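Colleague: Data file my_file-v6.pdb (PDB, C-alpha atoms, pLDDT in the B column) is appended below.
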```pdb
ATOM      1  CA  MET B   1       0.000   0.000   0.000  1.00 39.00           C
ATOM      2  CA  SER B   2       1.258   3.473  -0.825  1.00 44.00           C
ATOM      3  CA  GLY B   3       2.139   6.088   1.733  1.00 48.00           C
ATOM      4  CA  ASN B   4      -1.027   8.032   0.898  1.00 56.00           C
ATOM      5  CA  GLY B   5      -3.045   4.900   1.505  1.00 56.00           C
ATOM      6  CA  ASN B   6      -1.482   4.419   4.915  1.00 62.00           C
ATOM      7  CA  THR B   7      -2.168   8.049   5.801  1.00 62.00           C
ATOM      8  CA  GLU B   8      -5.808   7.702   4.762  1.00 65.00           C
ATOM      9  CA  VAL B   9      -6.297   4.523   6.809  1.00 69.00           C
ATOM     10  CA  THR B  10      -4.700   6.162   9.860  1.00 74.00           C
ATOM     11  CA  TYR B  11      -6.872   9.277   9.493  1.00 75.00           C
ATOM     12  CA  THR B  12     -10.015   7.191   9.124  1.00 82.00           C
ATOM     13  CA  GLN B  13      -9.217   5.114  12.205  1.00 86.00           C
ATOM     14  CA  ASP B  14      -8.338   8.198  14.240  1.00 90.00           C
ATOM     15  CA  PHE B  15     -11.594   9.870  13.230  1.00 90.00           C
ATOM     16  CA  LYS B  16     -13.651   6.822  14.183  1.00 89.00           C
ATOM     17  CA  GLU B  17     -11.930   6.555  17.563  1.00 92.00           C
ATOM     18  CA  ARG B  18     -12.461  10.254  18.316  1.00 94.00           C
ATOM     19  CA  ALA B  19     -16.095  10.030  17.253  1.00 94.00           C
ATOM     20  CA  THR B  20     -16.692   7.032  19.507  1.00 93.00           C
ATOM     21  CA  GLU B  21     -15.004   8.817  22.408  1.00 95.00           C
ATOM     22  CA  VAL B  22     -17.253  11.876  21.975  1.00 96.00           C
ATOM     23  CA  ALA B  23     -20.334   9.663  21.609  1.00 95.00           C
ATOM     24  CA  ARG B  24     -19.604   7.849  24.858  1.00 95.00           C
ATOM     25  CA  LYS B  25     -18.063  10.554  27.041  1.00 96.00           C
ATOM     26  CA  GLY B  26     -18.687  13.983  25.483  1.00 96.00           C
ATOM     27  CA  SER B  27     -21.295  16.383  26.818  1.00 97.00           C
ATOM     28  CA  ASP B  28     -24.866  15.775  25.682  1.00 97.00           C
ATOM     29  CA  VAL B  29     -24.784  18.714  23.283  1.00 97.00           C
ATOM     30  CA  LYS B  30     -21.369  17.832  21.853  1.00 97.00           C
ATOM     31  CA  ALA B  31     -22.391  14.195  21.332  1.00 97.00           C
ATOM     32  CA  ALA B  32     -25.669  15.213  19.693  1.00 97.00           C
ATOM     33  CA  SER B  33     -23.859  17.715  17.468  1.00 97.00           C
ATOM     34  CA  LEU B  34     -21.538  14.931  16.345  1.00 96.00           C
ATOM     35  CA  LEU B  35     -24.511  12.763  15.363  1.00 97.00           C
ATOM     36  CA  LEU B  36     -26.087  15.596  13.387  1.00 97.00           C
ATOM     37  CA  ALA B  37     -22.800  16.274  11.581  1.00 97.00           C
ATOM     38  CA  ILE B  38     -22.507  12.572  10.714  1.00 97.00           C
ATOM     39  CA  CYS B  39     -26.050  12.519   9.259  1.00 97.00           C
ATOM     40  CA  ARG B  40     -25.356  15.557   7.111  1.00 97.00           C
ATOM     41  CA  GLN B  41     -22.029  14.188   5.917  1.00 96.00           C
ATOM     42  CA  VAL B  42     -23.626  10.849   4.967  1.00 97.00           C
ATOM     43  CA  ARG B  43     -26.020  12.827   2.788  1.00 97.00           C
ATOM     44  CA  ARG B  44     -22.989  14.296   0.999  1.00 95.00           C
ATOM     45  CA  GLU B  45     -21.223  10.944   0.715  1.00 95.00           C
ATOM     46  CA  CYS B  46     -24.143   9.010  -0.839  1.00 96.00           C
ATOM     47  CA  LEU B  47     -25.016  10.484  -4.226  1.00 95.00           C
ATOM     48  CA  ALA B  48     -25.902   7.386  -6.281  1.00 94.00           C
ATOM     49  CA  GLN B  49     -22.376   7.416  -7.699  1.00 92.00           C
ATOM     50  CA  ALA B  50     -22.257   3.610  -7.882  1.00 92.00           C
ATOM     51  CA  PRO B  51     -24.746   0.753  -8.236  1.00 93.00           C
ATOM     52  CA  GLY B  52     -26.354   0.047  -4.878  1.00 93.00           C
ATOM     53  CA  VAL B  53     -25.567   3.510  -3.476  1.00 95.00           C
ATOM     54  CA  PRO B  54     -28.734   5.554  -2.873  1.00 95.00           C
ATOM     55  CA  ASP B  55     -29.010   9.258  -3.619  1.00 96.00           C
ATOM     56  CA  LEU B  56     -29.359  10.825  -0.186  1.00 97.00           C
ATOM     57  CA  SER B  57     -28.941  14.394  -1.391  1.00 95.00           C
ATOM     58  CA  ARG B  58     -32.656  14.797  -0.671  1.00 92.00           C
ATOM     59  CA  HIS B  59     -35.183  12.982   1.481  1.00 94.00           C
ATOM     60  CA  ARG B  60     -36.748   9.988  -0.250  1.00 88.00           C
ATOM     61  CA  GLY B  61     -39.842   8.684   1.487  1.00 81.00           C
ATOM     62  CA  GLN B  62     -39.433   5.754   3.820  1.00 82.00           C
ATOM     63  CA  VAL B  63     -36.136   4.444   2.439  1.00 94.00           C
ATOM     64  CA  PRO B  64     -34.439   3.292   5.697  1.00 96.00           C
ATOM     65  CA  GLU B  65     -31.174   5.156   5.052  1.00 97.00           C
ATOM     66  CA  SER B  66     -33.038   8.348   4.185  1.00 97.00           C
ATOM     67  CA  ALA B  67     -35.364   8.061   7.180  1.00 96.00           C
ATOM     68  CA  LEU B  68     -32.364   7.720   9.483  1.00 97.00           C
ATOM     69  CA  VAL B  69     -30.358  10.717   8.261  1.00 97.00           C
ATOM     70  CA  TYR B  70     -33.274  13.087   7.574  1.00 97.00           C
ATOM     71  CA  GLU B  71     -35.903  12.148  10.143  1.00 96.00           C
ATOM     72  CA  TYR B  72     -35.087   9.874  13.067  1.00 97.00           C
ATOM     73  CA  LEU B  73     -31.524  10.795  14.013  1.00 98.00           C
ATOM     74  CA  PRO B  74     -31.960  14.574  13.498  1.00 97.00           C
ATOM     75  CA  GLU B  75     -35.127  14.341  15.613  1.00 97.00           C
ATOM     76  CA  LEU B  76     -33.113  12.650  18.363  1.00 98.00           C
ATOM     77  CA  VAL B  77     -30.581  15.485  18.171  1.00 98.00           C
ATOM     78  CA  ALA B  78     -33.322  18.127  18.320  1.00 97.00           C
ATOM     79  CA  ARG B  79     -34.735  16.548  21.485  1.00 97.00           C
ATOM     80  CA  VAL B  80     -31.325  16.440  23.152  1.00 97.00           C
ATOM     81  CA  TYR B  81     -30.788  20.103  22.267  1.00 98.00           C
ATOM     82  CA  ALA B  82     -34.220  21.031  23.639  1.00 97.00           C
ATOM     83  CA  ARG B  83     -33.458  19.272  26.943  1.00 96.00           C
ATOM     84  CA  ASN B  84     -30.420  21.511  27.198  1.00 97.00           C
ATOM     85  CA  GLY B  85     -32.305  24.712  26.420  1.00 98.00           C
ATOM     86  CA  LEU B  86     -31.109  24.934  22.814  1.00 97.00           C
ATOM     87  CA  GLN B  87     -32.839  24.878  19.441  1.00 96.00           C
ATOM     88  CA  MET B  88     -31.449  22.856  16.560  1.00 97.00           C
ATOM     89  CA  MET B  89     -31.149  24.843  13.359  1.00 95.00           C
ATOM     90  CA  ARG B  90     -32.600  22.524  10.715  1.00 94.00           C
ATOM     91  CA  THR B  91     -31.638  22.686   7.048  1.00 93.00           C
ATOM     92  CA  SER B  92     -34.412  23.289   4.522  1.00 93.00           C
ATOM     93  CA  ASP B  93     -34.394  19.555   3.703  1.00 92.00           C
ATOM     94  CA  GLU B  94     -34.778  18.676   7.385  1.00 93.00           C
ATOM     95  CA  ARG B  95     -37.616  21.155   7.828  1.00 92.00           C
ATOM     96  CA  ALA B  96     -39.447  19.582   4.875  1.00 92.00           C
ATOM     97  CA  VAL B  97     -39.739  16.103   6.430  1.00 93.00           C
ATOM     98  CA  PRO B  98     -42.931  15.086   8.265  1.00 90.00           C
ATOM     99  CA  SER B  99     -43.215  16.276  11.863  1.00 92.00           C
ATOM    100  CA  MET B 100     -42.326  13.698  14.475  1.00 95.00           C
ATOM    101  CA  ASP B 101     -44.027  15.477  17.368  1.00 94.00           C
ATOM    102  CA  HIS B 102     -46.421  12.539  17.718  1.00 96.00           C
ATOM    103  CA  PHE B 103     -43.503  10.166  18.372  1.00 97.00           C
ATOM    104  CA  SER B 104     -42.677   9.493  21.999  1.00 97.00           C
ATOM    105  CA  ASP B 105     -39.032   8.880  22.876  1.00 97.00           C
ATOM    106  CA  ASP B 106     -39.854   5.168  23.027  1.00 96.00           C
ATOM    107  CA  ASP B 107     -41.378   5.322  19.529  1.00 97.00           C
ATOM    108  CA  LEU B 108     -38.250   7.058  18.276  1.00 98.00           C
ATOM    109  CA  ARG B 109     -35.931   4.419  19.748  1.00 97.00           C
ATOM    110  CA  ILE B 110     -37.933   1.641  18.101  1.00 97.00           C
ATOM    111  CA  ALA B 111     -37.998   3.482  14.759  1.00 96.00           C
ATOM    112  CA  ILE B 112     -34.239   4.046  14.790  1.00 97.00           C
ATOM    113  CA  GLY B 113     -33.601   0.392  15.591  1.00 95.00           C
ATOM    114  CA  GLU B 114     -35.878  -0.900  12.846  1.00 95.00           C
ATOM    115  CA  ALA B 115     -34.408   1.496  10.273  1.00 96.00           C
ATOM    116  CA  LEU B 116     -30.853   0.509  11.186  1.00 94.00           C
ATOM    117  CA  GLN B 117     -31.792  -3.163  10.956  1.00 93.00           C
ATOM    118  CA  HIS B 118     -33.133  -2.692   7.423  1.00 94.00           C
ATOM    119  CA  SER B 119     -30.539  -0.192   6.219  1.00 95.00           C
ATOM    120  CA  ARG B 120     -27.816  -1.152   3.755  1.00 96.00           C
ATOM    121  CA  PHE B 121     -25.130   1.145   5.140  1.00 96.00           C
ATOM    122  CA  PRO B 122     -22.496  -1.638   5.502  1.00 94.00           C
ATOM    123  CA  ASP B 123     -22.873  -2.608   1.830  1.00 96.00           C
ATOM    124  CA  ILE B 124     -23.122   1.027   0.746  1.00 96.00           C
ATOM    125  CA  ALA B 125     -19.827   1.840   2.484  1.00 93.00           C
ATOM    126  CA  ASP B 126     -18.163  -1.081   0.695  1.00 93.00           C
ATOM    127  CA  ARG B 127     -19.499   0.074  -2.664  1.00 93.00           C
ATOM    128  CA  LEU B 128     -18.329   3.638  -2.024  1.00 93.00           C
ATOM    129  CA  GLY B 129     -14.879   2.321  -1.166  1.00 87.00           C
ATOM    130  CA  ALA B 130     -14.721   0.534  -4.507  1.00 86.00           C
ATOM    131  CA  VAL B 131     -15.289   3.708  -6.549  1.00 81.00           C
ATOM    132  CA  GLN B 132     -13.683   6.454  -4.487  1.00 69.00           C
ATOM    133  CA  SER B 133     -11.375   6.980  -1.554  1.00 63.00           C
ATOM    134  CA  GLY B 134     -11.805   9.059   1.562  1.00 62.00           C
ATOM    135  CA  SER B 135     -15.388  10.238   1.416  1.00 74.00           C
ATOM    136  CA  LYS B 136     -17.222   7.376   3.099  1.00 88.00           C
ATOM    137  CA  ILE B 137     -16.128   7.629   6.725  1.00 91.00           C
ATOM    138  CA  CYS B 138     -19.504   8.669   8.127  1.00 94.00           C
ATOM    139  CA  THR B 139     -21.338   6.079   6.060  1.00 95.00           C
ATOM    140  CA  GLU B 140     -18.991   3.496   7.601  1.00 93.00           C
ATOM    141  CA  LEU B 141     -19.879   4.790  11.077  1.00 94.00           C
ATOM    142  CA  LEU B 142     -23.595   4.227  10.476  1.00 96.00           C
ATOM    143  CA  GLY B 143     -22.827   0.861   8.905  1.00 94.00           C
ATOM    144  CA  ALA B 144     -20.723  -0.452  11.772  1.00 92.00           C
ATOM    145  CA  SER B 145     -21.994  -3.535  13.568  1.00 87.00           C
ATOM    146  CA  LEU B 146     -23.553  -3.139  16.984  1.00 81.00           C
ATOM    147  CA  ALA B 147     -20.843  -5.429  18.340  1.00 77.00           C
ATOM    148  CA  SER B 148     -18.016  -3.166  17.193  1.00 76.00           C
ATOM    149  CA  GLY B 149     -19.787   0.056  18.129  1.00 82.00           C
ATOM    150  CA  ASN B 150     -22.343   1.775  15.922  1.00 92.00           C
ATOM    151  CA  ILE B 151     -22.524   5.521  16.553  1.00 94.00           C
ATOM    152  CA  ALA B 152     -26.288   5.669  16.041  1.00 95.00           C
ATOM    153  CA  GLU B 153     -26.878   2.855  18.542  1.00 94.00           C
ATOM    154  CA  ILE B 154     -24.455   4.296  21.084  1.00 95.00           C
ATOM    155  CA  LEU B 155     -26.089   7.712  21.047  1.00 95.00           C
ATOM    156  CA  THR B 156     -29.667   6.465  20.852  1.00 96.00           C
ATOM    157  CA  SER B 157     -29.063   4.211  23.854  1.00 95.00           C
ATOM    158  CA  ARG B 158     -27.338   7.050  25.679  1.00 95.00           C
ATOM    159  CA  PHE B 159     -30.264   9.440  25.256  1.00 96.00           C
ATOM    160  CA  ILE B 160     -33.141   6.916  25.171  1.00 97.00           C
ATOM    161  CA  PRO B 161     -32.179   3.876  27.287  1.00 95.00           C
ATOM    162  CA  ALA B 162     -33.208   0.350  26.384  1.00 95.00           C
ATOM    163  CA  PHE B 163     -36.531  -0.917  27.679  1.00 95.00           C
ATOM    164  CA  ALA B 164     -36.661  -3.062  30.802  1.00 94.00           C
ATOM    165  CA  PRO B 165     -37.044  -6.782  29.937  1.00 92.00           C
ATOM    166  CA  ASP B 166     -40.648  -6.797  31.191  1.00 94.00           C
ATOM    167  CA  HIS B 167     -41.635  -3.678  29.235  1.00 94.00           C
ATOM    168  CA  PRO B 168     -44.357  -4.349  26.620  1.00 92.00           C
ATOM    169  CA  ALA B 169     -42.113  -2.895  23.878  1.00 93.00           C
ATOM    170  CA  ALA B 170     -38.971  -4.838  24.842  1.00 93.00           C
ATOM    171  CA  GLN B 171     -39.454  -7.397  22.064  1.00 93.00           C
ATOM    172  CA  ARG B 172     -39.566  -4.577  19.500  1.00 94.00           C
ATOM    173  CA  ASP B 173     -36.379  -2.950  20.757  1.00 95.00           C
ATOM    174  CA  VAL B 174     -34.150  -4.002  17.867  1.00 93.00           C
ATOM    175  CA  LEU B 175     -31.161  -2.037  19.167  1.00 93.00           C
ATOM    176  CA  GLU B 176     -31.096  -3.910  22.465  1.00 93.00           C
ATOM    177  CA  LEU B 177     -32.006  -7.283  20.959  1.00 91.00           C
ATOM    178  CA  GLU B 178     -29.268  -7.056  18.317  1.00 88.00           C
ATOM    179  CA  ARG B 179     -26.698  -5.655  20.739  1.00 84.00           C
ATOM    180  CA  THR B 180     -27.396  -8.472  23.213  1.00 86.00           C
ATOM    181  CA  LYS B 181     -27.184 -11.041  20.430  1.00 85.00           C
ATOM    182  CA  ALA B 182     -23.859  -9.617  19.229  1.00 79.00           C
ATOM    183  CA  LEU B 183     -22.402  -9.592  22.738  1.00 76.00           C
ATOM    184  CA  ARG B 184     -23.579 -13.146  23.396  1.00 78.00           C
ATOM    185  CA  LYS B 185     -21.998 -14.295  20.135  1.00 75.00           C
ATOM    186  CA  ALA B 186     -18.721 -12.577  21.051  1.00 66.00           C
ATOM    187  CA  VAL B 187     -18.689 -14.226  24.493  1.00 71.00           C
ATOM    188  CA  CYS B 188     -19.323 -17.669  22.977  1.00 73.00           C
ATOM    189  CA  ALA B 189     -16.518 -17.162  20.466  1.00 61.00           C
ATOM    190  CA  GLU B 190     -14.158 -16.153  23.266  1.00 62.00           C
ATOM    191  CA  ARG B 191     -15.079 -19.235  25.288  1.00 65.00           C
ATOM    192  CA  ASP B 192     -14.565 -21.511  22.289  1.00 60.00           C
ATOM    193  CA  PHE B 193     -11.131 -19.993  21.761  1.00 54.00           C
ATOM    194  CA  GLN B 194     -10.167 -20.442  25.416  1.00 61.00           C
ATOM    195  CA  ASP B 195     -11.364 -24.051  25.381  1.00 61.00           C
ATOM    196  CA  GLU B 196      -9.110 -25.008  22.450  1.00 62.00           C
ATOM    197  CA  PRO B 197      -6.272 -27.259  23.584  1.00 59.00           C
ATOM    198  CA  ALA B 198      -2.833 -25.726  23.542  1.00 54.00           C
ATOM    199  CA  PHE B 199      -0.670 -26.784  20.625  1.00 46.00           C
ATOM    200  CA  SER B 200       1.876 -29.340  21.682  1.00 50.00           C
ATOM    201  CA  PRO B 201       4.194 -30.609  18.918  1.00 50.00           C
ATOM    202  CA  GLU B 202       4.996 -34.284  19.027  1.00 54.00           C
ATOM    203  CA  LEU B 203       8.587 -35.086  19.819  1.00 42.00           C
TER     204      LEU B 203
END
```
Would you mind writing the file out in structure tokens?
Modeller:
Amino acid sequence: MSGNGNTEVTYTQDFKERATEVARKGSDVKAASLLLAICRQVRRECLAQAPGVPDLSRHRGQVPESALVYEYLPELVARVYARNGLQMMRTSDERAVPSMDHFSDDDLRIAIGEALQHSRFPDIADRLGAVQSGSKICTELLGASLASGNIAEILTSRFIPAFAPDHPAAQRDVLELERTKALRKAVCAERDFQDEPAFSPEL
């Protein structure tokens, strides 16, 4: 790999690590601002420039990727801002989407989880990487697995916690169900690895 390639990989990894740090430990407003910036950047990264890459330059109905970056995640940000006495300045595209005032926080958590589950962001990021370099970092962040740390899941769970197991909506909480499944799978893999016998060459 060329030097430029190494620099790009290092920058991408550094950006992802900083973003995760802000999402987990930054102030509410700083973390929410990060999420809003990621949504807006994804809309600049995905312009139908390759097969399988949607055009997210404008809102497109109930396409999961579009719903996430125009409706659900910006709405989450707006609510976090409001709790902190601030008003989110929406772009004209964001102002044009249907109002989500009728959504409770619980409704919003469920909607984000279902949209993430049905989104194609992992595949979209791969396709973007095949046709261009650099401009796909935020798409990768939204396409990350819940096991490795997905920014949207981290921040949604931070601002709207998972339902208690006995809550009527618990079985619809895709974020928690998928995160638990991923963690359980990781634990099982670790146990299988630890149970493997040590290699002992025959003499």
Colleague: To one decimal place, how far is atom CA of B:Gly52 from atom CA of B:Ile110 in Å?
Modeller: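 Rounded to one decimal, the two atoms are 25.8 Å apart.
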Colleague: Rank nothing, just name the residue among B:Tyr70, B:Val63, B:Asn84, B:Val53 nearest to B:Lys30, using only C-alpha atoms.
Modeller: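 That would be B:Asn84, the residue with the smallest distance to B:Lys30.
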Colleague: When distances are computed from all atoms listed in the file, which of B:Val97, B:Leu34, B:Pro51, B:Ser92 shows the smallest separation from B:Ala125?
Modeller: B:Pro51
Colleague: Point out the residue among B:Asp106, B:Glu65, B:Asp93, B:Glu153 with the least atom-to-atom distance to B:His118, counting all atoms listed in the file.
Modeller: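 Distance minimum relative to B:His118 lands on B:Glu65.
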Colleague: Record the distance separating atom CA of B:Lys185 and atom CA of B:Ala152, expressed in Å with one decimal.
Modeller: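 The value is 20.8 Å.
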Colleague: List the spatial neighbours of B:Glu17 as JSON, numbers by chain - criterion: any atom at most 12 Å away, only C-alpha atoms, same-chain residues fewer than 5 positions off excluded.
Modeller: {"B": [10, 11, 12, 22, 23, 24, 25, 137, 141, 148, 149, 150, 151]}
Colleague: Please, could you write that set of residues out with C-alpha atoms as an mmCIF file, in the coordinates of the input?
Modeller:
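The new file out30.cif reads:
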```cif
data_model
loop_
_atom_site.group_PDB
_atom_site.id
_atom_site.type_symbol
_atom_site.label_atom_id
_atom_site.label_comp_id
_atom_site.auth_asym_id
_atom_site.auth_seq_id
_atom_site.Cartn_x
_atom_site.Cartn_y
_atom_site.Cartn_z
ATOM 1 C CA THR B 10 -4.700 6.162 9.860
ATOM 2 C CA TYR B 11 -6.872 9.277 9.493
ATOM 3 C CA THR B 12 -10.015 7.191 9.124
ATOM 4 C CA VAL B 22 -17.253 11.876 21.975
ATOM 5 C CA ALA B 23 -20.334 9.663 21.609
ATOM 6 C CA ARG B 24 -19.604 7.849 24.858
ATOM 7 C CA LYS B 25 -18.063 10.554 27.041
ATOM 8 C CA ILE B 137 -16.128 7.629 6.725
ATOM 9 C CA LEU B 141 -19.879 4.790 11.077
ATOM 10 C CA SER B 148 -18.016 -3.166 17.193
ATOM 11 C CA GLY B 149 -19.787 0.056 18.129
ATOM 12 C CA ASN B 150 -22.343 1.775 15.922
ATOM 13 C CA ILE B 151 -22.524 5.521 16.553
#
```
Colleague: Which one of B:Gln171, B:Ser135, B:Thr20, B:Ser66 sits closest to B:Ala115 if you count only C-alpha atoms?
Modeller: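 Of the candidates, the smallest distance to B:Ala115 is held by B:Ser66.
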Colleague: Mind pulling up the distance from atom CA of B:Glu94 to atom CA of B:Leu56?
Modeller: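 Atom-to-atom, atom CA of B:Leu56 and atom CA of B:Glu94 are spaced 12.2 Å apart.
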